[in-house]
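Shown here: query_2.txt, compact mmCIF, C-alpha atoms.
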```
# COMPACT_ATOMS: atom_id res chain seq x y z
CA MET A 1 -21.12 -37.82 -44.60
CA ILE A 2 -22.63 -36.04 -41.60
CA ALA A 3 -25.96 -35.80 -43.41
CA LEU A 4 -25.85 -39.52 -44.12
CA ALA A 5 -25.16 -40.35 -40.46
CA LEU A 6 -27.84 -37.93 -39.26
CA PHE A 7 -30.49 -39.31 -41.60
CA THR A 8 -29.57 -42.90 -40.72
CA GLY A 9 -29.81 -42.08 -37.02
CA PHE A 10 -33.18 -40.34 -37.37
CA ALA A 11 -34.48 -43.19 -39.55
CA LEU A 12 -33.44 -45.70 -36.88
CA ILE A 13 -35.22 -43.66 -34.20
CA LEU A 14 -38.44 -43.56 -36.24
CA LEU A 15 -38.15 -47.26 -37.12
CA GLY A 16 -37.63 -48.18 -33.46
CA LEU A 17 -40.54 -46.06 -32.27
CA TYR A 18 -42.81 -47.48 -34.97
CA GLY A 19 -41.81 -51.02 -33.99
CA ALA A 20 -42.33 -50.34 -30.28
CA LEU A 21 -45.78 -48.84 -30.92
CA THR A 22 -47.14 -51.39 -33.39
CA ASN A 23 -45.72 -54.69 -32.12
CA ARG A 24 -47.72 -56.55 -29.51
CA ASP A 25 -44.98 -58.92 -28.47
CA LEU A 26 -42.90 -57.70 -25.52
CA ILE A 27 -39.59 -59.07 -26.84
CA ARG A 28 -40.14 -57.36 -30.18
CA MET A 29 -40.95 -54.11 -28.36
CA ILE A 30 -37.70 -54.37 -26.42
CA VAL A 31 -35.73 -54.99 -29.63
CA ALA A 32 -37.47 -51.97 -31.19
CA PHE A 33 -36.47 -49.80 -28.23
CA THR A 34 -32.83 -50.82 -28.58
CA ILE A 35 -32.99 -49.87 -32.29
CA ALA A 36 -34.32 -46.41 -31.37
CA ASP A 37 -31.58 -46.19 -28.73
CA THR A 38 -28.94 -46.93 -31.37
CA GLY A 39 -30.43 -44.22 -33.58
CA VAL A 40 -30.10 -41.63 -30.81
CA ASN A 41 -26.45 -42.61 -30.32
CA VAL A 42 -25.72 -42.33 -34.06
CA VAL A 43 -27.26 -38.84 -34.15
CA LEU A 44 -25.27 -37.71 -31.09
CA VAL A 45 -21.94 -38.95 -32.48
CA ALA A 46 -22.72 -37.37 -35.87
CA VAL A 47 -23.37 -33.99 -34.22
CA GLY A 48 -19.91 -34.11 -32.63
CA TYR A 49 -18.18 -34.64 -35.98
CA LEU A 50 -16.35 -31.76 -37.60
CA PRO A 51 -15.35 -32.06 -41.25
CA GLY A 52 -11.70 -32.74 -41.97
CA ARG A 53 -10.75 -33.55 -38.40
CA THR A 54 -9.58 -36.71 -36.67
CA ALA A 55 -10.39 -38.79 -33.60
CA PRO A 56 -9.87 -37.10 -30.19
CA ILE A 57 -6.75 -39.10 -29.34
CA LEU A 58 -3.46 -37.24 -29.09
CA ASP A 59 -0.46 -39.03 -30.59
CA ALA A 60 2.39 -38.41 -33.02
CA ALA A 61 -0.10 -37.40 -35.72
CA VAL A 62 -2.00 -34.96 -33.46
CA PRO A 63 0.48 -33.02 -31.31
CA VAL A 64 -0.81 -31.47 -28.10
CA ALA A 65 -0.23 -27.92 -29.31
CA GLU A 66 -2.51 -28.34 -32.34
CA ALA A 67 -5.08 -30.52 -30.59
CA ALA A 68 -7.86 -27.94 -30.44
CA ALA A 69 -7.62 -27.35 -34.19
CA ARG A 70 -7.25 -30.98 -35.26
CA VAL A 71 -9.67 -33.18 -33.30
CA ILE A 72 -13.45 -33.57 -33.37
CA ASP A 73 -15.63 -32.79 -30.36
CA PRO A 74 -14.94 -35.42 -27.67
CA VAL A 75 -17.89 -34.45 -25.45
CA PRO A 76 -20.68 -36.15 -27.50
CA GLN A 77 -18.52 -39.28 -27.63
CA ALA A 78 -18.23 -39.35 -23.84
CA LEU A 79 -21.98 -38.75 -23.65
CA VAL A 80 -22.70 -41.63 -26.04
CA LEU A 81 -20.44 -43.94 -24.05
CA THR A 82 -22.63 -43.17 -21.04
CA ALA A 83 -25.79 -43.58 -23.11
CA ILE A 84 -24.73 -47.01 -24.36
CA VAL A 85 -24.09 -48.27 -20.83
CA ILE A 86 -27.37 -46.85 -19.51
CA GLY A 87 -29.17 -48.26 -22.56
CA LEU A 88 -27.81 -51.67 -21.73
CA GLY A 89 -29.08 -51.31 -18.17
CA VAL A 90 -32.53 -50.28 -19.41
CA THR A 91 -32.64 -53.24 -21.81
CA ALA A 92 -31.67 -55.66 -19.05
CA LEU A 93 -34.42 -54.24 -16.83
CA MET A 94 -37.03 -54.51 -19.61
CA LEU A 95 -36.02 -58.12 -20.26
CA ALA A 96 -36.22 -58.96 -16.56
CA TYR A 97 -39.72 -57.46 -16.27
CA ALA A 98 -40.83 -59.23 -19.47
CA TRP A 99 -39.56 -62.46 -17.96
CA ARG A 100 -41.49 -61.83 -14.73
CA LEU A 101 -44.66 -61.09 -16.71
CA PHE A 102 -44.19 -64.27 -18.68
CA ARG A 103 -43.68 -66.26 -15.47
CA ALA A 104 -46.78 -64.75 -13.90
CA ARG A 105 -49.16 -64.92 -16.87
CA GLY A 106 -47.62 -67.31 -19.38
CA SER A 107 -47.87 -64.69 -22.12
CA LEU A 108 -45.67 -62.08 -23.78
CA ASP A 109 -48.53 -60.42 -25.66
CA ILE A 110 -49.11 -56.86 -24.43
CA SER A 111 -52.85 -57.09 -25.14
CA ASP A 112 -53.16 -59.76 -22.45
CA PHE A 113 -52.21 -57.25 -19.78
CA THR A 114 -55.22 -54.99 -19.40
CA GLU A 115 -54.99 -53.78 -15.77
CA LEU A 116 -53.54 -50.39 -16.67
CA LYS A 117 -55.70 -49.94 -19.75
CA TRP A 118 -58.25 -47.15 -19.83
CA MET B 1 -54.07 -51.18 -41.49
CA SER B 2 -56.24 -50.37 -38.56
CA THR B 3 -56.99 -46.85 -37.32
CA ARG B 4 -54.32 -47.40 -34.69
CA HIS B 5 -51.64 -48.04 -37.30
CA ILE B 6 -52.68 -44.98 -39.32
CA LEU B 7 -52.61 -42.82 -36.19
CA ILE B 8 -49.14 -44.09 -35.26
CA ALA B 9 -47.86 -43.63 -38.80
CA GLY B 10 -49.25 -40.06 -38.84
CA LEU B 11 -47.63 -39.15 -35.53
CA LEU B 12 -44.30 -40.64 -36.55
CA GLY B 13 -44.60 -38.82 -39.88
CA LEU B 14 -44.84 -35.51 -37.99
CA LEU B 15 -41.85 -36.49 -35.86
CA GLY B 16 -39.99 -37.46 -39.03
CA LEU B 17 -40.79 -34.03 -40.50
CA ALA B 18 -39.31 -32.38 -37.41
CA PHE B 19 -36.23 -34.59 -37.72
CA TRP B 20 -36.00 -33.74 -41.42
CA HIS B 21 -35.79 -30.03 -40.68
CA LEU B 22 -33.14 -30.65 -38.02
CA ALA B 23 -31.02 -32.78 -40.35
CA ALA B 24 -31.51 -30.86 -43.59
CA ASP B 25 -30.51 -27.51 -42.09
CA TYR B 26 -27.66 -28.94 -40.05
CA LEU B 27 -24.31 -27.24 -40.53
CA PRO B 28 -21.35 -28.71 -38.66
CA ASP B 29 -19.38 -26.27 -36.51
CA ALA B 30 -16.21 -24.88 -38.03
CA ALA B 31 -14.36 -24.94 -34.69
CA LEU B 32 -14.70 -26.72 -31.38
CA ASN B 33 -17.01 -25.12 -28.84
CA PRO B 34 -15.19 -23.52 -25.85
CA THR B 35 -15.70 -26.52 -23.54
CA ALA B 36 -14.32 -29.02 -26.02
CA ALA B 37 -11.47 -26.66 -26.94
CA TYR B 38 -10.55 -26.39 -23.26
CA TYR B 39 -10.55 -30.17 -22.91
CA ALA B 40 -8.40 -30.54 -26.04
CA ALA B 41 -5.93 -27.87 -24.94
CA HIS B 42 -5.52 -29.07 -21.35
CA ALA B 43 -5.57 -32.85 -21.78
CA ALA B 44 -1.79 -33.13 -21.51
CA ASP B 45 -1.21 -30.88 -18.50
CA GLN B 46 -4.35 -31.66 -16.46
CA THR B 47 -5.13 -35.34 -17.04
CA GLY B 48 -2.08 -36.68 -18.90
CA ALA B 49 -4.39 -38.91 -20.96
CA PRO B 50 -3.91 -38.86 -24.76
CA ASN B 51 -7.45 -40.22 -25.20
CA LEU B 52 -9.57 -37.12 -24.60
CA VAL B 53 -12.76 -39.12 -24.13
CA THR B 54 -11.25 -41.10 -21.25
CA GLY B 55 -9.91 -37.89 -19.73
CA ILE B 56 -13.38 -36.35 -19.83
CA ILE B 57 -15.14 -39.43 -18.49
CA ILE B 58 -12.76 -40.21 -15.64
CA THR B 59 -11.31 -36.85 -14.59
CA TRP B 60 -13.32 -33.82 -15.69
CA ARG B 61 -16.73 -35.49 -15.53
CA GLY B 62 -15.72 -38.11 -12.98
CA LEU B 63 -18.73 -37.45 -10.80
CA ASP B 64 -21.07 -38.31 -13.69
CA THR B 65 -19.20 -41.57 -14.21
CA LEU B 66 -19.56 -42.39 -10.53
CA GLY B 67 -23.30 -41.80 -10.95
CA GLU B 68 -23.35 -43.96 -14.06
CA VAL B 69 -21.65 -46.82 -12.22
CA THR B 70 -24.27 -46.40 -9.50
CA VAL B 71 -27.07 -46.64 -12.06
CA LEU B 72 -25.52 -49.83 -13.38
CA PHE B 73 -25.30 -51.22 -9.85
CA LEU B 74 -28.97 -50.37 -9.28
CA THR B 75 -29.87 -52.14 -12.52
CA SER B 76 -28.09 -55.33 -11.58
CA ALA B 77 -29.62 -55.21 -8.09
CA ILE B 78 -33.14 -54.69 -9.48
CA VAL B 79 -32.72 -57.44 -12.10
CA ALA B 80 -31.60 -59.81 -9.35
CA LEU B 81 -34.55 -58.71 -7.18
CA VAL B 82 -37.12 -59.05 -9.96
CA LEU B 83 -35.87 -62.49 -10.93
CA ALA B 84 -35.15 -63.66 -7.38
CA GLN B 85 -38.59 -65.12 -6.77
CA SER B 86 -38.13 -67.54 -9.62
CA LYS B 87 -34.72 -68.69 -8.44
CA ALA B 88 -33.79 -72.35 -8.63
CA PRO B 89 -32.47 -74.15 -5.54
CA ALA B 90 -28.72 -73.68 -5.14
CA GLY B 91 -26.64 -75.95 -7.35
CA ALA B 92 -29.63 -77.35 -9.18
CA ALA B 93 -29.90 -76.78 -12.89
CA GLY B 94 -32.95 -77.59 -14.93
CA PRO B 95 -33.06 -81.02 -16.53
CA GLY B 96 -34.18 -79.59 -19.84
CA PHE B 97 -30.86 -78.13 -20.92
CA LEU B 98 -29.48 -79.34 -24.20
CA PRO B 99 -25.78 -80.00 -23.84
CA ALA B 100 -23.68 -77.41 -25.63
CA GLY B 101 -22.36 -78.57 -28.99
CA GLU B 102 -18.81 -79.67 -29.64
CA LEU B 103 -18.04 -76.46 -31.52
CA LEU B 104 -19.27 -74.20 -28.74
CA ALA B 105 -17.54 -76.17 -25.99
CA THR B 106 -14.18 -76.32 -27.79
CA GLY B 107 -14.47 -72.76 -29.06
CA THR B 108 -15.14 -71.51 -25.55
CA ARG B 109 -12.05 -73.22 -24.17
CA MET B 110 -9.98 -71.57 -26.87
CA LEU B 111 -11.62 -68.13 -26.83
CA LEU B 112 -12.14 -67.54 -23.11
CA PRO B 113 -8.47 -66.78 -22.26
CA LEU B 114 -8.23 -64.54 -25.32
CA ILE B 115 -11.39 -62.65 -24.34
CA ALA B 116 -10.07 -62.18 -20.80
CA LEU B 117 -6.73 -60.96 -22.16
CA PHE B 118 -8.42 -58.58 -24.60
CA GLY B 119 -10.65 -57.23 -21.83
CA ALA B 120 -7.60 -56.60 -19.65
CA TYR B 121 -5.84 -54.90 -22.58
CA VAL B 122 -8.81 -52.64 -23.34
CA ILE B 123 -9.08 -51.66 -19.66
CA ALA B 124 -5.35 -51.04 -19.18
CA ASN B 125 -5.00 -48.95 -22.36
CA GLY B 126 -8.14 -46.90 -21.82
CA HIS B 127 -6.21 -43.65 -21.43
CA LEU B 128 -4.06 -44.26 -24.55
CA SER B 129 -6.38 -45.74 -27.16
CA PRO B 130 -10.12 -46.28 -27.61
CA GLY B 131 -11.30 -48.28 -24.63
CA GLY B 132 -11.53 -47.99 -20.88
CA GLY B 133 -13.26 -49.51 -17.91
CA PHE B 134 -16.77 -49.73 -19.35
CA GLN B 135 -15.74 -51.25 -22.67
CA GLY B 136 -13.26 -53.66 -21.09
CA GLY B 137 -15.78 -54.67 -18.43
CA ALA B 138 -18.32 -55.43 -21.15
CA VAL B 139 -15.70 -57.54 -22.97
CA LEU B 140 -15.03 -59.49 -19.77
CA ALA B 141 -18.76 -60.02 -19.26
CA SER B 142 -19.09 -61.29 -22.84
CA GLY B 143 -16.59 -63.98 -21.81
CA VAL B 144 -18.87 -64.86 -18.90
CA LEU B 145 -21.80 -65.06 -21.35
CA LEU B 146 -19.85 -67.41 -23.61
CA ALA B 147 -18.96 -69.62 -20.65
CA LEU B 148 -22.63 -69.66 -19.55
CA LEU B 149 -23.70 -70.68 -23.06
CA ALA B 150 -21.14 -73.48 -23.22
CA GLN B 151 -21.84 -74.73 -19.71
CA PRO B 152 -25.37 -73.80 -18.63
CA ARG B 153 -24.75 -75.41 -15.26
CA MET B 154 -21.71 -73.29 -14.52
CA ARG B 155 -22.17 -70.73 -11.75
CA ILE B 156 -19.88 -68.04 -10.47
CA GLY B 157 -20.51 -67.53 -6.77
CA HIS B 158 -22.81 -64.58 -6.09
CA ALA B 159 -20.72 -63.85 -3.02
CA LEU B 160 -17.58 -63.58 -5.15
CA LEU B 161 -19.24 -61.29 -7.71
CA ALA B 162 -20.73 -59.14 -4.95
CA ARG B 163 -17.33 -58.88 -3.25
CA VAL B 164 -15.50 -57.92 -6.46
CA GLU B 165 -18.16 -55.32 -7.13
CA SER B 166 -18.27 -53.77 -3.69
CA VAL B 167 -14.49 -53.73 -3.26
CA SER B 168 -13.99 -51.99 -6.62
CA GLY B 169 -16.84 -49.56 -5.92
CA LEU B 170 -15.35 -48.70 -2.53
CA GLY B 171 -11.91 -48.38 -4.14
CA TYR B 172 -13.34 -45.92 -6.69
CA ILE B 173 -14.75 -43.73 -3.90
CA LEU B 174 -11.46 -43.92 -1.96
CA VAL B 175 -9.48 -42.86 -5.05
CA GLY B 176 -11.94 -39.98 -5.43
CA LEU B 177 -11.41 -38.99 -1.80
CA ALA B 178 -7.64 -39.19 -2.29
CA GLY B 179 -8.11 -36.63 -5.06
CA LEU B 180 -9.96 -34.43 -2.55
CA ALA B 181 -7.14 -34.77 0.00
CA PHE B 182 -4.02 -34.58 -2.18
CA ALA B 183 -5.14 -32.77 -5.35
CA SER B 184 -7.64 -30.08 -6.28
CA GLY B 185 -10.93 -31.91 -5.71
CA PHE B 186 -13.08 -35.03 -5.54
CA LEU B 187 -12.06 -37.51 -8.28
CA ASP B 188 -9.14 -35.35 -9.39
CA THR B 189 -6.75 -37.95 -10.79
CA ALA B 190 -3.65 -35.74 -10.64
CA PHE B 191 -2.70 -36.75 -7.08
CA LEU B 192 -0.48 -39.44 -8.61
CA PRO B 193 2.34 -38.26 -10.89
CA LEU B 194 1.15 -37.73 -14.47
CA GLY B 195 4.23 -39.48 -15.82
CA ARG B 196 5.43 -39.42 -19.40
CA PHE B 197 2.62 -38.44 -21.77
CA GLY B 198 1.53 -41.53 -23.72
CA ALA B 199 3.16 -44.16 -21.50
CA LEU B 200 1.16 -47.10 -20.16
CA LEU B 201 1.73 -46.12 -16.54
CA SER B 202 0.88 -42.44 -16.77
CA ALA B 203 -2.05 -40.05 -16.47
CA GLY B 204 -2.15 -40.11 -12.67
CA ALA B 205 -4.91 -42.28 -11.21
CA ILE B 206 -6.78 -42.78 -14.52
CA PRO B 207 -5.50 -46.35 -15.14
CA LEU B 208 -6.32 -47.24 -11.53
CA ILE B 209 -9.88 -45.95 -11.89
CA SER B 210 -10.20 -47.72 -15.26
CA VAL B 211 -9.27 -51.04 -13.64
CA LEU B 212 -11.75 -50.46 -10.79
CA ILE B 213 -14.55 -49.50 -13.20
CA GLY B 214 -13.70 -52.48 -15.43
CA LEU B 215 -13.93 -54.93 -12.53
CA LYS B 216 -17.13 -53.35 -11.24
CA VAL B 217 -18.84 -53.25 -14.64
CA GLY B 218 -17.71 -56.80 -15.45
CA ALA B 219 -19.07 -58.08 -12.12
CA GLU B 220 -22.36 -56.22 -12.60
CA PHE B 221 -22.92 -57.51 -16.14
CA ALA B 222 -22.01 -61.03 -14.99
CA THR B 223 -24.57 -60.73 -12.17
CA ILE B 224 -27.26 -59.63 -14.66
CA LEU B 225 -26.44 -62.48 -17.06
CA GLN B 226 -26.41 -65.02 -14.27
CA SER B 227 -29.70 -63.76 -12.86
CA LEU B 228 -31.33 -64.18 -16.27
CA GLU B 229 -29.83 -67.66 -16.59
CA GLU B 230 -31.09 -68.66 -13.13
CA GLY B 231 -34.60 -67.52 -14.02
CA GLU B 232 -34.44 -70.00 -16.87
CA ASP B 233 -33.33 -72.74 -14.48
CA ALA B 234 -36.35 -72.19 -12.30
CA ALA B 235 -38.75 -72.27 -15.25
CA GLN B 236 -37.41 -75.61 -16.39
CA GLU B 237 -37.53 -77.01 -12.85
CA GLU B 238 -41.17 -76.08 -12.71
CA ASP B 239 -41.99 -77.43 -16.15
CA ALA B 240 -40.37 -80.72 -15.21
CA ALA B 241 -42.27 -80.95 -11.92
```
Re-express the file's structure as structure tokens.
Amino acid sequence: MIALALFTGFALILLGLYGALTNRDLIRMIVAFTIADTGVNVVLVAVGYLPGRTAPILDAAVPVAEAAARVIDPVPQALVLTAIVIGLGVTALMLAYAWRLFRARGSLDISDFTELKW
Amino acid sequence: MSTRHILIAGLLGLLGLAFWHLAADYLPDAALNPTAAYYAAHAADQTGAPNLVTGIIITWRGLDTLGEVTVLFLTSAIVALVLAQSKAPAGAAGPGFLPAGELLATGTRMLLPLIALFGAYVIANGHLSPGGGFQGGAVLASGVLLALLAQPRMRIGHALLARVESVSGLGYILVGLAGLAFASGFLDTAFLPLGRFGALLSAGAIPLISVLIGLKVGAEFATILQSLEEGEDAAQEEDAA
């Protein structure tokens, strides 16, 4: 199961990067970046998984005394929670800049913006 | 297939090879690493939160969460700044809006209270079950998005959103300082009684911080959504002119 999650995550990262590098439309590039972002999150959560263990929530099924031996690593999950929120912020910023570019130039095609090209 | 595509595919192929080696040789740990084991062992006596992830985010790594909330605030401020120059006059919506359909309008009236209730539930139970301030705030903001879709002319006052956001942000810092004064350090949530493990009102100041984060995140997301919506207003004003 871990291998499946890891490979899915890595495949999503590659897919997202490929989309971001080959598409010329800004909206498609932004979508591609969010796909790569999702892939990174999947990989991080998969790394925190330990076989045969349960979610890091203590209740009747996972008594406090046995917690360390029964739950998976909670740290990557906390990290991914942060990453999701920051990813949302980055996506919102990219969309806002794409919108400004569209307002200024009437185009969302990256090849129309040549000022920074060398 | 241009040269560019072949180059990109080659580079990504190399990256994929690196990923392949990482994933193929990956062996999951047999036991928790020392940090995670410490968190698991001391969740009950140090944070009082059954949900370890919430305990880590709000108590042990509280400073990081404060930074994260700050990043989110910066994002909403920058989005508002970037889109400000294309802002429509106050109260004016573009003439080009299609009215929302019957289904969306009726569905919104039915779903909005449920979404608000669910958001409040997710925030309030953050220390007991999966959830917390960030998730609940996002749920609340999704309600705002639904309302904006159903009524494109609807506006929540920027002053109100800004006030909710700054009051909850200030409250977060004050709770952190209370931890410095009455407990062992900045953002230590144990200055309030930990209560009965697993009860709704327990885990010290964690529920309080969850509520503050939820309000702040909800207000920030709503600001972002509304900024994007107002940019659209201005475009349609201009197209009509």
Practice prompt. Give the residues of chain A that lie within 6 Å of chain B; count only C-alpha atoms, and format the answer as a VMD selection string.
Written response: chain A and resid 50 56 to 58 67 to 68 73 to 74 78 89 93 96
Worksheet item: Hey, what's within 10 Å of segment 33-41 of chain A if we count all atoms listed in the file and toss same-chain stuff fewer than 5 positions away? As a PyMOL selection string, please?
Response: chain A and resi 5-21+27-28+46-47+76-77+79-81+83-84+87-88+90-91+94
Worksheet item: Expressed in Å to a single decimal, how great is the separation between atom CA of Ser111 of chain A and atom CA of Asn23 of chain A?
Response: 10.3 Å
Discussion item. Let me make sure I understand: among B:Ile173, B:Leu145, B:Leu117, B:Val167, which one has the smallest atom-to-atom distance to Gly67 of chain B if we use only C-alpha atoms?
Written reply: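 For Gly67 of chain B, the nearest of the given residues is B:Ile173.
The nearest approach to Leu101 of chain A among the residues A:Phe113, A:Pro63, A:Val42, A:Gly48, with all atoms listed in the file taken into account, belongs to A:Phe113.
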Which segment 21-89 of chain B residues have any atom within 10 Å of an atom of segment 181-186 of chain B, and for each, what is the nearest pair of atoms with distance in Å to one decimal, counting only C-alpha atoms, rows sorted by chain and number, as a tab-separated table?
```
residue	atom	partner	partner_atom	distance
B:Thr59	CA	B:Phe186	CA	9.4
B:Gly62	CA	B:Phe186	CA	8.5
B:Leu63	CA	B:Phe186	CA	8.1
```
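Taking only C-alpha atoms into account, Leu140 of chain B lies nearest to B:Leu215 out of the set B:Ala203, B:Leu192, B:Leu14, B:Leu215.
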Worksheet item: Which residue, B:Leu200, B:Ala205, B:Ile115, B:Leu149, has the smallest gap to Gly136 of chain B when you use only C-alpha atoms?
Response: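 The answer is B:Ile115, which sits nearest to Gly136 of chain B.
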Item to complete: Tell me, as a ChimeraX atom specification, which residues lie within 12 Å of Gly119 of chain B, counting only C-alpha atoms; anything in the same chain fewer than 3 positions away does not count.
Response: /B:112-116,122-126,131-144,210-211,214-215,217-218
Could you write out the selected residues, including C-alpha atoms, as a PDB file, keeping the file's coordinate frame?
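File written: out.pdb
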```pdb
ATOM      1  CA  LEU B 112     -12.140 -67.540 -23.110  1.00  0.00           C
ATOM      2  CA  PRO B 113      -8.470 -66.780 -22.260  1.00  0.00           C
ATOM      3  CA  LEU B 114      -8.230 -64.540 -25.320  1.00  0.00           C
ATOM      4  CA  ILE B 115     -11.390 -62.650 -24.340  1.00  0.00           C
ATOM      5  CA  ALA B 116     -10.070 -62.180 -20.800  1.00  0.00           C
ATOM      6  CA  VAL B 122      -8.810 -52.640 -23.340  1.00  0.00           C
ATOM      7  CA  ILE B 123      -9.080 -51.660 -19.660  1.00  0.00           C
ATOM      8  CA  ALA B 124      -5.350 -51.040 -19.180  1.00  0.00           C
ATOM      9  CA  ASN B 125      -5.000 -48.950 -22.360  1.00  0.00           C
ATOM     10  CA  GLY B 126      -8.140 -46.900 -21.820  1.00  0.00           C
ATOM     11  CA  GLY B 131     -11.300 -48.280 -24.630  1.00  0.00           C
ATOM     12  CA  GLY B 132     -11.530 -47.990 -20.880  1.00  0.00           C
ATOM     13  CA  GLY B 133     -13.260 -49.510 -17.910  1.00  0.00           C
ATOM     14  CA  PHE B 134     -16.770 -49.730 -19.350  1.00  0.00           C
ATOM     15  CA  GLN B 135     -15.740 -51.250 -22.670  1.00  0.00           C
ATOM     16  CA  GLY B 136     -13.260 -53.660 -21.090  1.00  0.00           C
ATOM     17  CA  GLY B 137     -15.780 -54.670 -18.430  1.00  0.00           C
ATOM     18  CA  ALA B 138     -18.320 -55.430 -21.150  1.00  0.00           C
ATOM     19  CA  VAL B 139     -15.700 -57.540 -22.970  1.00  0.00           C
ATOM     20  CA  LEU B 140     -15.030 -59.490 -19.770  1.00  0.00           C
ATOM     21  CA  ALA B 141     -18.760 -60.020 -19.260  1.00  0.00           C
ATOM     22  CA  SER B 142     -19.090 -61.290 -22.840  1.00  0.00           C
ATOM     23  CA  GLY B 143     -16.590 -63.980 -21.810  1.00  0.00           C
ATOM     24  CA  VAL B 144     -18.870 -64.860 -18.900  1.00  0.00           C
ATOM     25  CA  SER B 210     -10.200 -47.720 -15.260  1.00  0.00           C
ATOM     26  CA  VAL B 211      -9.270 -51.040 -13.640  1.00  0.00           C
ATOM     27  CA  GLY B 214     -13.700 -52.480 -15.430  1.00  0.00           C
ATOM     28  CA  LEU B 215     -13.930 -54.930 -12.530  1.00  0.00           C
ATOM     29  CA  VAL B 217     -18.840 -53.250 -14.640  1.00  0.00           C
ATOM     30  CA  GLY B 218     -17.710 -56.800 -15.450  1.00  0.00           C
TER      31      GLY B 218
END
```
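Atom pair atom CA of Ala104 of chain A / atom CA of Ile156 of chain B: separated by 27.3 Å.
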